[in-house]
$ cat final_16.cif   # mmCIF, C-alpha atoms and all ligand atoms
data_target
#
loop_
_atom_site.group_PDB
_atom_site.id
_atom_site.type_symbol
_atom_site.label_atom_id
_atom_site.label_comp_id
_atom_site.auth_asym_id
_atom_site.auth_seq_id
_atom_site.Cartn_x
_atom_site.Cartn_y
_atom_site.Cartn_z
ATOM 1 C CA MET A 1 -22.655 -7.793 -8.431
ATOM 2 C CA THR A 2 -20.446 -8.196 -11.499
ATOM 3 C CA THR A 3 -20.310 -6.218 -14.690
ATOM 4 C CA PRO A 4 -20.069 -8.274 -17.857
ATOM 5 C CA HIS A 5 -17.370 -6.126 -19.361
ATOM 6 C CA MET A 6 -14.095 -4.681 -18.134
ATOM 7 C CA THR A 7 -12.112 -2.404 -20.415
ATOM 8 C CA ILE A 8 -8.321 -2.486 -20.322
ATOM 9 C CA ALA A 9 -6.742 0.926 -20.960
ATOM 10 C CA ARG A 10 -3.017 1.355 -21.460
ATOM 11 C CA THR A 11 -2.767 5.063 -22.205
ATOM 12 C CA VAL A 12 -3.883 8.251 -20.472
ATOM 13 C CA ARG A 13 -5.794 9.167 -23.625
ATOM 14 C CA GLY A 14 -7.644 5.832 -23.694
ATOM 15 C CA LEU A 15 -8.472 6.145 -19.999
ATOM 16 C CA ARG A 16 -9.738 9.718 -20.331
ATOM 17 C CA ILE A 17 -12.019 8.779 -23.249
ATOM 18 C CA ILE A 18 -13.802 6.486 -20.789
ATOM 19 C CA ALA A 19 -13.597 8.505 -17.572
ATOM 20 C CA THR A 20 -14.402 12.005 -18.857
ATOM 21 C CA PRO A 21 -18.038 11.164 -19.805
ATOM 22 C CA TRP A 22 -18.476 9.517 -16.381
ATOM 23 C CA LYS A 23 -17.398 12.735 -14.714
ATOM 24 C CA ARG A 24 -19.591 14.879 -16.974
ATOM 25 C CA GLY A 25 -22.513 12.578 -16.152
ATOM 26 C CA GLY A 26 -22.001 13.120 -12.431
ATOM 27 C CA LEU A 27 -20.932 9.534 -11.677
ATOM 28 C CA ARG A 28 -18.706 8.926 -8.657
ATOM 29 C CA VAL A 29 -15.421 7.405 -9.749
ATOM 30 C CA GLY A 30 -13.242 5.280 -7.453
ATOM 31 C CA VAL A 31 -9.647 4.245 -8.041
ATOM 32 C CA VAL A 32 -7.623 1.468 -6.433
ATOM 33 C CA PRO A 33 -3.922 1.926 -7.232
ATOM 34 C CA THR A 34 -1.921 -1.327 -7.144
ATOM 35 C CA MET A 35 1.280 -2.898 -8.411
ATOM 36 C CA GLY A 36 -0.541 -6.089 -9.438
ATOM 37 C CA ALA A 37 0.049 -9.692 -8.301
ATOM 38 C CA LEU A 38 -3.357 -9.238 -6.754
ATOM 39 C CA HIS A 39 -4.616 -10.978 -3.639
ATOM 40 C CA GLU A 40 -7.559 -10.751 -1.285
ATOM 41 C CA GLY A 41 -6.156 -7.553 0.302
ATOM 42 C CA HIS A 42 -6.395 -5.744 -3.044
ATOM 43 C CA LEU A 43 -9.838 -7.233 -3.689
ATOM 44 C CA SER A 44 -11.075 -5.904 -0.339
ATOM 45 C CA LEU A 45 -10.176 -2.405 -1.580
ATOM 46 C CA VAL A 46 -12.048 -3.088 -4.815
ATOM 47 C CA ARG A 47 -15.134 -4.128 -2.842
ATOM 48 C CA ALA A 48 -14.937 -0.964 -0.743
ATOM 49 C CA ALA A 49 -14.685 1.066 -3.955
ATOM 50 C CA ARG A 50 -17.669 -0.693 -5.504
ATOM 51 C CA ALA A 51 -19.746 -0.024 -2.405
ATOM 52 C CA MET A 52 -18.982 3.698 -2.497
ATOM 53 C CA CYS A 53 -18.664 4.531 -6.199
ATOM 54 C CA ASP A 54 -20.600 4.253 -9.461
ATOM 55 C CA ARG A 55 -17.526 3.309 -11.471
ATOM 56 C CA VAL A 56 -14.304 1.607 -10.353
ATOM 57 C CA ILE A 57 -10.878 1.854 -11.948
ATOM 58 C CA VAL A 58 -8.035 -0.390 -10.771
ATOM 59 C CA THR A 59 -4.530 0.570 -11.802
ATOM 60 C CA ILE A 60 -1.606 -1.812 -12.119
ATOM 61 C CA PHE A 61 1.780 -0.179 -12.454
ATOM 62 C CA VAL A 62 5.017 -1.520 -11.013
ATOM 63 C CA ASN A 63 6.450 1.931 -10.477
ATOM 64 C CA PRO A 64 10.228 1.936 -11.063
ATOM 65 C CA LYS A 65 10.577 5.270 -9.236
ATOM 66 C CA GLN A 66 9.557 3.784 -5.897
ATOM 67 C CA PHE A 67 12.085 0.937 -5.954
ATOM 68 C CA ASP A 68 15.430 1.781 -4.410
ATOM 69 C CA ASP A 69 16.723 -1.703 -5.240
ATOM 70 C CA ALA A 70 16.930 -2.850 -8.898
ATOM 71 C CA SER A 71 16.837 -6.551 -7.983
ATOM 72 C CA ASP A 72 13.629 -6.040 -5.978
ATOM 73 C CA LEU A 73 12.067 -4.326 -9.010
ATOM 74 C CA ALA A 74 13.188 -7.147 -11.309
ATOM 75 C CA ALA A 75 11.871 -9.816 -8.922
ATOM 76 C CA TYR A 76 8.514 -8.129 -8.326
ATOM 77 C CA PRO A 77 5.797 -10.591 -9.443
ATOM 78 C CA ARG A 78 3.898 -9.684 -12.617
ATOM 79 C CA THR A 79 0.694 -11.637 -13.259
ATOM 80 C CA GLU A 80 -1.441 -9.395 -15.463
ATOM 81 C CA ASP A 81 -3.686 -12.058 -17.017
ATOM 82 C CA ALA A 82 -4.611 -13.596 -13.670
ATOM 83 C CA ASP A 83 -5.081 -10.113 -12.184
ATOM 84 C CA ALA A 84 -7.399 -9.096 -15.035
ATOM 85 C CA ALA A 85 -9.514 -12.231 -14.512
ATOM 86 C CA LEU A 86 -9.884 -11.483 -10.780
ATOM 87 C CA LEU A 87 -10.829 -7.869 -11.443
ATOM 88 C CA ARG A 88 -13.345 -8.768 -14.133
ATOM 89 C CA GLU A 89 -14.951 -11.154 -11.665
ATOM 90 C CA ALA A 90 -14.948 -8.437 -8.993
ATOM 91 C CA GLY A 91 -16.950 -6.106 -11.240
ATOM 92 C CA VAL A 92 -14.249 -3.564 -12.038
ATOM 93 C CA ASP A 93 -15.096 -1.229 -14.927
ATOM 94 C CA VAL A 94 -11.624 -0.317 -16.124
ATOM 95 C CA LEU A 95 -8.219 -1.862 -15.584
ATOM 96 C CA TYR A 96 -5.599 0.784 -16.304
ATOM 97 C CA VAL A 97 -2.156 -0.661 -17.057
ATOM 98 C CA PRO A 98 0.214 2.030 -18.330
ATOM 99 C CA ASP A 99 3.804 1.141 -19.095
ATOM 100 C CA ALA A 100 6.804 3.110 -17.859
ATOM 101 C CA ALA A 101 7.070 5.112 -21.112
ATOM 102 C CA GLU A 102 3.439 6.217 -20.770
ATOM 103 C CA MET A 103 3.963 7.276 -17.150
ATOM 104 C CA TYR A 104 7.368 8.849 -17.560
ATOM 105 C CA PRO A 105 7.805 9.958 -21.182
ATOM 106 C CA PRO A 106 11.107 11.465 -22.305
ATOM 107 C CA GLY A 107 11.649 14.802 -20.607
ATOM 108 C CA PHE A 108 9.652 13.897 -17.499
ATOM 109 C CA ALA A 109 11.105 16.148 -14.779
ATOM 110 C CA THR A 110 8.691 16.466 -11.854
ATOM 111 C CA THR A 111 9.018 14.874 -8.430
ATOM 112 C CA ILE A 112 6.581 15.247 -5.576
ATOM 113 C CA SER A 113 8.371 15.104 -2.268
ATOM 114 C CA VAL A 114 6.389 15.054 0.964
ATOM 115 C CA ARG A 115 8.500 15.950 3.987
ATOM 116 C CA GLY A 116 7.796 14.936 7.589
ATOM 117 C CA VAL A 117 5.614 11.833 7.430
ATOM 118 C CA SER A 118 7.814 10.291 4.714
ATOM 119 C CA GLU A 119 10.907 10.439 6.944
ATOM 120 C CA GLY A 120 12.104 7.404 8.886
ATOM 121 C CA LEU A 121 10.441 3.963 8.849
ATOM 122 C CA CYS A 122 10.224 2.802 5.193
ATOM 123 C CA GLY A 123 11.382 6.252 4.069
ATOM 124 C CA GLY A 124 14.578 5.822 6.076
ATOM 125 C CA ALA A 125 15.209 2.271 4.916
ATOM 126 C CA ARG A 126 14.352 2.915 1.257
ATOM 127 C CA PRO A 127 15.765 6.292 0.092
ATOM 128 C CA GLY A 128 13.569 7.977 -2.522
ATOM 129 C CA HIS A 129 10.767 5.450 -2.075
ATOM 130 C CA PHE A 130 8.084 7.909 -0.981
ATOM 131 C CA ASP A 131 9.048 10.501 -3.610
ATOM 132 C CA GLY A 132 8.304 7.752 -6.136
ATOM 133 C CA VAL A 133 5.050 6.844 -4.396
ATOM 134 C CA ALA A 134 3.816 10.440 -4.101
ATOM 135 C CA THR A 135 4.707 11.248 -7.701
ATOM 136 C CA VAL A 136 2.985 8.201 -9.168
ATOM 137 C CA VAL A 137 -0.085 8.428 -6.916
ATOM 138 C CA CYS A 138 -0.537 12.100 -7.836
ATOM 139 C CA LYS A 139 -0.328 11.177 -11.522
ATOM 140 C CA LEU A 140 -2.771 8.292 -11.136
ATOM 141 C CA LEU A 141 -5.263 10.517 -9.307
ATOM 142 C CA MET A 142 -5.036 13.143 -12.055
ATOM 143 C CA GLN A 143 -5.156 10.585 -14.859
ATOM 144 C CA THR A 144 -8.211 8.736 -13.526
ATOM 145 C CA LEU A 145 -10.106 11.863 -12.338
ATOM 146 C CA ALA A 146 -11.160 9.809 -9.314
ATOM 147 C CA ASP A 147 -13.436 11.165 -6.586
ATOM 148 C CA HIS A 148 -12.369 8.499 -4.076
ATOM 149 C CA ALA A 149 -9.064 6.612 -3.861
ATOM 150 C CA PHE A 150 -8.650 3.465 -1.772
ATOM 151 C CA PHE A 151 -5.491 2.480 0.128
ATOM 152 C CA GLY A 152 -4.615 -0.292 2.589
ATOM 153 C CA GLU A 153 -3.656 0.361 6.193
ATOM 154 C CA LYS A 154 -0.981 -2.286 5.746
ATOM 155 C CA ASP A 155 1.109 0.452 4.146
ATOM 156 C CA PHE A 156 0.421 2.794 7.042
ATOM 157 C CA GLN A 157 3.130 5.339 6.306
ATOM 158 C CA GLN A 158 2.123 5.421 2.638
ATOM 159 C CA VAL A 159 -1.419 6.424 3.645
ATOM 160 C CA HIS A 160 0.001 9.321 5.677
ATOM 161 C CA VAL A 161 2.174 10.436 2.766
ATOM 162 C CA VAL A 162 -0.752 10.304 0.340
ATOM 163 C CA ARG A 163 -3.111 12.145 2.699
ATOM 164 C CA ARG A 164 -0.516 14.876 3.329
ATOM 165 C CA MET A 165 0.043 15.322 -0.411
ATOM 166 C CA VAL A 166 -3.706 15.465 -1.153
ATOM 167 C CA THR A 167 -4.189 18.099 1.559
ATOM 168 C CA ASP A 168 -1.139 20.163 0.616
ATOM 169 C CA LEU A 169 -1.898 20.164 -3.136
ATOM 170 C CA ASN A 170 -5.693 20.563 -2.712
ATOM 171 C CA LEU A 171 -6.285 17.491 -4.858
ATOM 172 C CA PRO A 172 -10.056 17.035 -5.259
ATOM 173 C CA VAL A 173 -10.150 13.445 -4.060
ATOM 174 C CA ASP A 174 -11.246 11.684 -0.886
ATOM 175 C CA ILE A 175 -8.766 9.138 0.499
ATOM 176 C CA VAL A 176 -10.343 6.004 1.974
ATOM 177 C CA THR A 177 -8.297 3.650 4.157
ATOM 178 C CA CYS A 178 -9.129 -0.067 4.467
ATOM 179 C CA PRO A 179 -7.974 -2.551 7.161
ATOM 180 C CA THR A 180 -5.187 -5.080 6.584
ATOM 181 C CA ARG A 181 -6.349 -8.456 5.269
ATOM 182 C CA ARG A 182 -4.447 -11.386 6.752
ATOM 183 C CA GLU A 183 -3.808 -15.065 6.036
ATOM 184 C CA GLU A 184 -5.256 -17.567 8.490
ATOM 185 C CA ASP A 185 -2.059 -17.584 10.540
ATOM 186 C CA GLY A 186 -2.079 -13.780 10.782
ATOM 187 C CA LEU A 187 0.520 -12.912 8.132
ATOM 188 C CA ALA A 188 -0.516 -9.734 6.294
ATOM 189 C CA MET A 189 -1.345 -10.563 2.683
ATOM 190 C CA SER A 190 1.286 -9.164 0.341
ATOM 191 C CA SER A 191 2.373 -9.698 -3.245
ATOM 192 C CA ARG A 192 5.876 -10.304 -1.863
ATOM 193 C CA ASN A 193 4.690 -13.318 0.166
ATOM 194 C CA ARG A 194 4.777 -15.408 -2.997
ATOM 195 C CA ARG A 195 8.555 -15.000 -3.074
ATOM 196 C CA LEU A 196 8.904 -16.799 0.287
ATOM 197 C CA SER A 197 10.029 -20.427 0.322
ATOM 198 C CA ALA A 198 7.718 -22.830 2.184
ATOM 199 C CA ASP A 199 10.087 -22.767 5.132
ATOM 200 C CA ALA A 200 10.318 -18.967 5.210
ATOM 201 C CA ARG A 201 6.555 -18.694 4.801
ATOM 202 C CA ALA A 202 6.128 -20.803 7.949
ATOM 203 C CA ARG A 203 8.492 -18.528 9.888
ATOM 204 C CA ALA A 204 6.850 -15.339 8.565
ATOM 205 C CA ARG A 205 3.853 -15.714 10.865
ATOM 206 C CA ALA A 206 6.080 -14.589 13.725
ATOM 207 C CA LEU A 207 5.934 -11.001 12.464
ATOM 208 C CA PRO A 208 2.262 -10.289 13.306
ATOM 209 C CA GLN A 209 2.494 -12.454 16.437
ATOM 210 C CA VAL A 210 5.492 -10.573 17.808
ATOM 211 C CA LEU A 211 3.925 -7.202 16.982
ATOM 212 C CA GLN A 212 0.647 -8.121 18.678
ATOM 213 C CA ARG A 213 2.459 -9.362 21.766
ATOM 214 C CA CYS A 214 4.579 -6.218 21.937
ATOM 215 C CA ALA A 215 1.503 -3.993 21.472
ATOM 216 C CA GLY A 216 -0.222 -5.827 24.322
ATOM 217 C CA ARG A 217 2.745 -5.295 26.636
ATOM 218 C CA ILE A 218 2.895 -1.577 25.858
ATOM 219 C CA THR A 219 -0.832 -1.205 26.478
ATOM 220 C CA ALA A 220 -0.376 -3.106 29.741
ATOM 221 C CA GLY A 221 2.061 -0.395 30.838
ATOM 222 C CA GLU A 222 5.491 -1.845 30.009
ATOM 223 C CA ALA A 223 8.036 0.737 28.841
ATOM 224 C CA PRO A 224 7.878 0.833 25.014
ATOM 225 C CA SER A 225 11.680 0.671 24.682
ATOM 226 C CA ALA A 226 11.900 -2.577 26.678
ATOM 227 C CA ALA A 227 8.922 -4.158 24.928
ATOM 228 C CA MET A 228 10.324 -3.250 21.508
ATOM 229 C CA GLU A 229 13.806 -4.476 22.330
ATOM 230 C CA GLN A 230 12.278 -7.827 23.294
ATOM 231 C CA ALA A 231 10.215 -7.847 20.071
ATOM 232 C CA ARG A 232 13.331 -7.327 17.940
ATOM 233 C CA ALA A 233 15.032 -10.217 19.717
ATOM 234 C CA ASP A 234 11.911 -12.365 19.266
ATOM 235 C CA LEU A 235 11.884 -11.716 15.501
ATOM 236 C CA LEU A 236 15.521 -12.709 15.149
ATOM 237 C CA ALA A 237 14.946 -15.786 17.312
ATOM 238 C CA ALA A 238 11.986 -16.723 15.093
ATOM 239 C CA GLY A 239 14.268 -16.814 12.069
ATOM 240 C CA PHE A 240 14.125 -13.307 10.617
ATOM 241 C CA ASP A 241 17.509 -12.281 9.219
ATOM 242 C CA ALA A 242 17.342 -8.577 10.086
ATOM 243 C CA VAL A 243 14.945 -5.950 11.373
ATOM 244 C CA ASP A 244 14.941 -2.704 9.338
ATOM 245 C CA TYR A 245 12.874 -0.947 11.981
ATOM 246 C CA LEU A 246 10.434 -1.611 14.778
ATOM 247 C CA GLU A 247 8.937 1.620 16.082
ATOM 248 C CA LEU A 248 6.038 3.077 17.987
ATOM 249 C CA ARG A 249 4.408 6.057 16.292
ATOM 250 C CA ALA A 250 1.324 8.206 16.913
ATOM 251 C CA ALA A 251 -1.473 6.902 14.680
ATOM 252 C CA SER A 252 -2.641 10.427 13.831
ATOM 253 C CA ASP A 253 0.609 11.934 12.500
ATOM 254 C CA LEU A 254 3.355 9.297 12.846
ATOM 255 C CA ALA A 255 5.163 11.291 15.542
ATOM 256 C CA PRO A 256 7.751 9.018 17.245
ATOM 257 C CA LEU A 257 6.679 7.890 20.734
ATOM 258 C CA THR A 258 9.102 6.912 23.450
ATOM 259 C CA GLN A 259 6.693 6.911 26.397
ATOM 260 C CA SER A 260 3.565 4.807 26.930
ATOM 261 C CA PRO A 261 1.016 6.222 24.485
ATOM 262 C CA THR A 262 -1.859 8.313 25.786
ATOM 263 C CA THR A 263 -3.600 8.455 22.392
ATOM 264 C CA PRO A 264 -3.988 5.757 19.669
ATOM 265 C CA ALA A 265 -0.631 4.564 18.398
ATOM 266 C CA ARG A 266 0.719 2.156 15.824
ATOM 267 C CA LEU A 267 3.576 -0.292 16.142
ATOM 268 C CA LEU A 268 5.287 -0.559 12.761
ATOM 269 C CA ALA A 269 7.972 -2.946 11.566
ATOM 270 C CA ALA A 270 9.889 -4.068 8.500
ATOM 271 C CA ALA A 271 12.008 -7.198 8.627
ATOM 272 C CA TRP A 272 13.922 -9.419 6.228
ATOM 273 C CA LEU A 273 13.336 -13.106 5.706
ATOM 274 C CA ASP A 274 15.284 -14.969 3.006
ATOM 275 C CA SER A 275 15.898 -11.778 0.981
ATOM 276 C CA VAL A 276 12.234 -10.762 1.151
ATOM 277 C CA ARG A 277 11.340 -7.616 3.047
ATOM 278 C CA LEU A 278 8.045 -7.859 4.911
ATOM 279 C CA ILE A 279 6.249 -4.963 6.568
ATOM 280 C CA ASP A 280 3.406 -4.961 9.039
ATOM 281 C CA GLY A 281 1.804 -2.801 11.685
ATOM 282 C CA VAL A 282 -0.706 -3.144 14.502
ATOM 283 C CA ASP A 283 -2.747 -0.700 16.554
ATOM 284 C CA VAL A 284 -1.593 0.021 20.086
ATOM 285 C CA ALA A 285 -4.295 1.140 22.487
ATOM 286 C CA PRO A 286 -3.290 3.840 24.991
ATOM 287 C CA ALA A 287 -1.833 2.438 28.212
ATOM 288 C CA GLY A 288 -4.145 2.235 31.178
HETATM 289 P P1 LIG B 1 0.554 -2.878 -3.676
HETATM 290 O O1 LIG B 1 0.067 -3.600 -4.883
HETATM 291 O O2 LIG B 1 1.314 -3.744 -2.718
HETATM 292 O O3 LIG B 1 1.224 -1.574 -3.994
HETATM 293 O O4 LIG B 1 -0.756 -2.485 -2.865
HETATM 294 C C1 LIG B 1 -1.803 -1.774 -3.482
HETATM 295 C C2 LIG B 1 -2.768 -1.336 -2.416
HETATM 296 O O5 LIG B 1 -3.298 -2.483 -1.755
HETATM 297 C C3 LIG B 1 -2.123 -0.465 -1.335
HETATM 298 O O6 LIG B 1 -3.030 0.560 -0.949
HETATM 299 C C4 LIG B 1 -1.892 -1.448 -0.227
HETATM 300 O O7 LIG B 1 -1.865 -0.854 1.057
HETATM 301 C C5 LIG B 1 -3.106 -2.342 -0.366
HETATM 302 N N1 LIG B 1 -2.848 -3.638 0.261
HETATM 303 C C6 LIG B 1 -1.762 -4.428 0.090
HETATM 304 N N2 LIG B 1 -1.831 -5.506 0.905
HETATM 305 C C7 LIG B 1 -2.988 -5.381 1.612
HETATM 306 C C8 LIG B 1 -3.633 -6.161 2.619
HETATM 307 N N3 LIG B 1 -3.076 -7.292 3.065
HETATM 308 N N4 LIG B 1 -4.803 -5.724 3.111
HETATM 309 C C9 LIG B 1 -5.365 -4.568 2.674
HETATM 310 N N5 LIG B 1 -4.808 -3.796 1.712
HETATM 311 C C10 LIG B 1 -3.642 -4.188 1.196
#
$ encode --input "final_16.cif" --output "structure tokens" --more "lines below"
Ligand code: AMP
Amino acid sequence: MTTPHMTIARTVRGLRIIATPWKRGGLRVGVVPTMGALHEGHLSLVRAARAMCDRVIVTIFVNPKQFDDASDLAAYPRTEDADAALLREAGVDVLYVPDAAEMYPPGFATTISVRGVSEGLCGGARPGHFDGVATVVCKLLMQTLADHAFFGEKDFQQVHVVRRMVTDLNLPVDIVTCPTRREEDGLAMSSRNRRLSADARARARALPQVLQRCAGRITAGEAPSAAMEQARADLLAAGFDAVDYLELRAASDLAPLTQSPTTPARLLAAAWLDSVRLIDGVDVAPAG
């Protein structure tokens, strides 16, 4: 089902003029926070939001506070017109596109910092990243007045950070997690994939393959440390330049696991290919 009209809001005030009557009227509002350069993974979140909510807001904001690397921020793809066309087609009610001055006006002084689940993994490799994520997600939840917010499992640690923040701050929103959408060869869809050369794109498929193979070996009873050491070597042999991390964590709370898992686990990795950092993760069923 599509709606004929999608409003584009660029200010909190403009957004609230639309969303406040929805809330007063008892409509369920869903939000899908994104950084744009939309692909099928984002659209799967939009579909989940449409199925659950009366009104859907998608946000596009390339959040400078979550980039630890200025060149990565500068190179991040920005395709607002194409994104808007996709979202209109998908039946989104409001596209909210604030700029940095709207999000962080002069004098802005608050940071939300979630300890524990934000440490290590992407939090270790990208200092300050999850403070930026938590701060902007909290603002987006408050600005949109959403009842449900939709996030992708692809950013597994991010989901844990957001859930922890929502619980700790009693934010009145339900967090919904959606599975990772993949290309035909298994590569997780990502806005960063468009920065890969054709040659690097061909090599990138090794990331999900190596993770799946490693997960299978751990479930089959192989020691996680040996299986993961092999997986690191496999990634480098497949043409990745460096592995930021490759770790086994408990799916429920991201606790590091060194032994064969006895409860659901997740194998998580970030690796570099031609100056592009790709992340992915796969479920690991308990051994035995
Ligand atoms: P981003 O624009 O990369 O910040 O992502 C916005 C949201 O879309 C986040 O909740 C991501 O986890 C989610 N997302 C990104 N890629 C995928 C994917 N391949 N499948 C499902 N969700 C995704």
$ residues_near_ligand --input "final_16.cif" --ligand "ligand LIG 1 (chain B)" --cutoff "9 Å" --atoms "all atoms listed in the file" --output "PyMOL selection string"
chain A and resi 32-45+60-62+150-156+158-159+177-183+187-192
$ closest_residue --input "final_16.cif" --among "A:Leu248, A:Ala75, A:Ala271, A:Ala220" --to "A:Leu236" --atoms "only C-alpha atoms"
A:Ala271
$ closest_residue --input "final_16.cif" --among "A:Gly186, A:Arg163, A:Asn193, A:Thr219" --to "A:Ser252" --atoms "all atoms listed in the file"
A:Arg163
$ closest_residue --input "final_16.cif" --among "A:Lys65, A:Arg55, A:Arg78, A:Arg203" --to "A:Thr110" --atoms "all atoms listed in the file"
A:Lys65
$ atom_distance --input "final_16.cif" --atom1 "atom CA of A:Met6" --atom2 "atom CA of A:Pro98"
15.8 Å
$ closest_residue --input "final_16.cif" --among "A:Ala237, A:Arg126, A:Val161, A:Arg13" --to "A:Asp68" --atoms "only C-alpha atoms"
A:Arg126
$ closest_residue --input "final_16.cif" --among "A:Leu268, A:Glu184, A:Ser71, A:Val56" --to "A:Leu254" --atoms "all atoms listed in the file"
A:Leu268
$ residues_around --input "final_16.cif" --residues "A:Asp253" --least-positions-apart "6" --cutoff "10 Å" --atoms "only C-alpha atoms" --output "list of chain:residue names"
A:Gly116, A:Val117, A:Gln157, A:His160, A:Val161, A:Arg164, A:Ala265
$ closest_residue --input "final_16.cif" --among "A:Asp54, A:Leu140, A:Ala242, A:Leu95" --to "A:Asp81" --atoms "all atoms listed in the file"
A:Leu95
$ residues_around --input "final_16.cif" --residues "A:Cys214" --least-positions-apart "3" --cutoff "7 Å" --atoms "all atoms listed in the file" --output "MDAnalysis selection string"
chainID A and resid 210:211 217:218 227:228 231
$ resolve_selection --input "final_16.cif" --expression "the PyMOL selection byres (((chain A and resi 272) around 7) and not hetatm)" --output "mmCIF file with C-alpha atoms, in the frame of the given file"
data_model
loop_
_atom_site.group_PDB
_atom_site.id
_atom_site.type_symbol
_atom_site.label_atom_id
_atom_site.label_comp_id
_atom_site.auth_asym_id
_atom_site.auth_seq_id
_atom_site.Cartn_x
_atom_site.Cartn_y
_atom_site.Cartn_z
ATOM 1 C CA PHE A 240 14.125 -13.307 10.617
ATOM 2 C CA ASP A 241 17.509 -12.281 9.219
ATOM 3 C CA ALA A 242 17.342 -8.577 10.086
ATOM 4 C CA VAL A 243 14.945 -5.950 11.373
ATOM 5 C CA ALA A 271 12.008 -7.198 8.627
ATOM 6 C CA LEU A 273 13.336 -13.106 5.706
ATOM 7 C CA ASP A 274 15.284 -14.969 3.006
ATOM 8 C CA SER A 275 15.898 -11.778 0.981
ATOM 9 C CA VAL A 276 12.234 -10.762 1.151
ATOM 10 C CA ARG A 277 11.340 -7.616 3.047
ATOM 11 C CA LEU A 278 8.045 -7.859 4.911
#
$ atom_distance --input "final_16.cif" --atom1 "atom CA of A:Gly128" --atom2 "atom CA of A:Val166"
18.9 Å
$ resolve_selection --input "final_16.cif" --expression "the PyMOL selection byres (((chain A and resi 9) around 8) and not hetatm)" --output "PyMOL selection string"
chain A and resi 7-8+10-12+14-15+94-98
$ atom_distance --input "final_16.cif" --atom1 "atom CA of A:Gly288" --atom2 "atom CA of A:Pro256"
19.5 Å
$ axis_aligned_box --input "final_16.cif" --around "stretch 222-240 of chain A" --padding-each-side "6 Å" --output "JSON"
{"center_x": 10.5, "center_y": -8.0, "center_z": 20.3, "size_x": 22.0, "size_y": 29.6, "size_z": 31.4}
$ residues_around --input "final_16.cif" --residues "A:Val92" --least-positions-apart "4" --cutoff "12 Å" --atoms "only C-alpha atoms" --output "ChimeraX atom specification"
/A:1-8,29-32,43,45-51,53-59,83-88,96
$ resolve_selection --input "final_16.cif" --expression "the PyMOL selection byres (((chain A and resi 100) around 9) and not hetatm)" --output "list of chain:residue names"
A:Phe61, A:Val62, A:Asn63, A:Pro64, A:Pro98, A:Asp99, A:Ala101, A:Glu102, A:Met103, A:Tyr104, A:Pro105
$ residues_near_point --input "final_16.cif" --point "(-7.7, 14.5, -10.5)" --cutoff "7 Å" --atoms "only C-alpha atoms" --output "number ranges by chain"
A: 141-146, 171-173
$ write_last_selection --input "final_16.cif" --atoms "C-alpha atoms" --output "tab-separated table (two decimals), in the frame of the given file"
chain	number	residue	atom	x	y	z
A	141	LEU	CA	-5.26	10.52	-9.31
A	142	MET	CA	-5.04	13.14	-12.06
A	143	GLN	CA	-5.16	10.58	-14.86
A	144	THR	CA	-8.21	8.74	-13.53
A	145	LEU	CA	-10.11	11.86	-12.34
A	146	ALA	CA	-11.16	9.81	-9.31
A	171	LEU	CA	-6.28	17.49	-4.86
A	172	PRO	CA	-10.06	17.04	-5.26
A	173	VAL	CA	-10.15	13.44	-4.06
$ residues_around --input "final_16.cif" --residues "A:Arg205" --least-positions-apart "3" --cutoff "8 Å" --atoms "all atoms listed in the file" --output "list in words"
Asp185, Gly186, Leu187, Arg201, Ala202, Pro208 and Gln209 of chain A
$ build_atoms --input "final_16.cif" --residues "stretch 6-15 of chain A" --atoms "N, CA and C atoms" --output "tab-separated table (two decimals), in the frame of the given file"
chain	number	residue	atom	x	y	z
A	6	MET	N	-15.11	-5.54	-18.73
A	6	MET	CA	-14.10	-4.68	-18.13
A	6	MET	C	-13.19	-4.24	-19.27
A	7	THR	N	-12.99	-2.93	-19.36
A	7	THR	CA	-12.11	-2.40	-20.42
A	7	THR	C	-10.69	-2.31	-19.87
A	8	ILE	N	-9.73	-2.67	-20.71
A	8	ILE	CA	-8.32	-2.49	-20.32
A	8	ILE	C	-7.78	-1.28	-21.09
A	9	ALA	N	-7.33	-0.28	-20.34
A	9	ALA	CA	-6.74	0.93	-20.96
A	9	ALA	C	-5.25	0.94	-20.67
A	10	ARG	N	-4.47	1.34	-21.66
A	10	ARG	CA	-3.02	1.36	-21.46
A	10	ARG	C	-2.42	2.74	-21.63
A	11	THR	N	-3.26	3.70	-22.01
A	11	THR	CA	-2.77	5.06	-22.20
A	11	THR	C	-3.66	6.05	-21.45
A	12	VAL	N	-3.10	7.20	-21.13
A	12	VAL	CA	-3.88	8.25	-20.47
A	12	VAL	C	-5.04	8.65	-21.38
A	13	ARG	N	-4.75	8.76	-22.68
A	13	ARG	CA	-5.79	9.17	-23.62
A	13	ARG	C	-6.95	8.15	-23.63
A	14	GLY	N	-6.60	6.87	-23.69
A	14	GLY	CA	-7.64	5.83	-23.69
A	14	GLY	C	-8.47	5.86	-22.41
A	15	LEU	N	-7.79	6.09	-21.30
A	15	LEU	CA	-8.47	6.14	-20.00
A	15	LEU	C	-9.42	7.34	-19.94
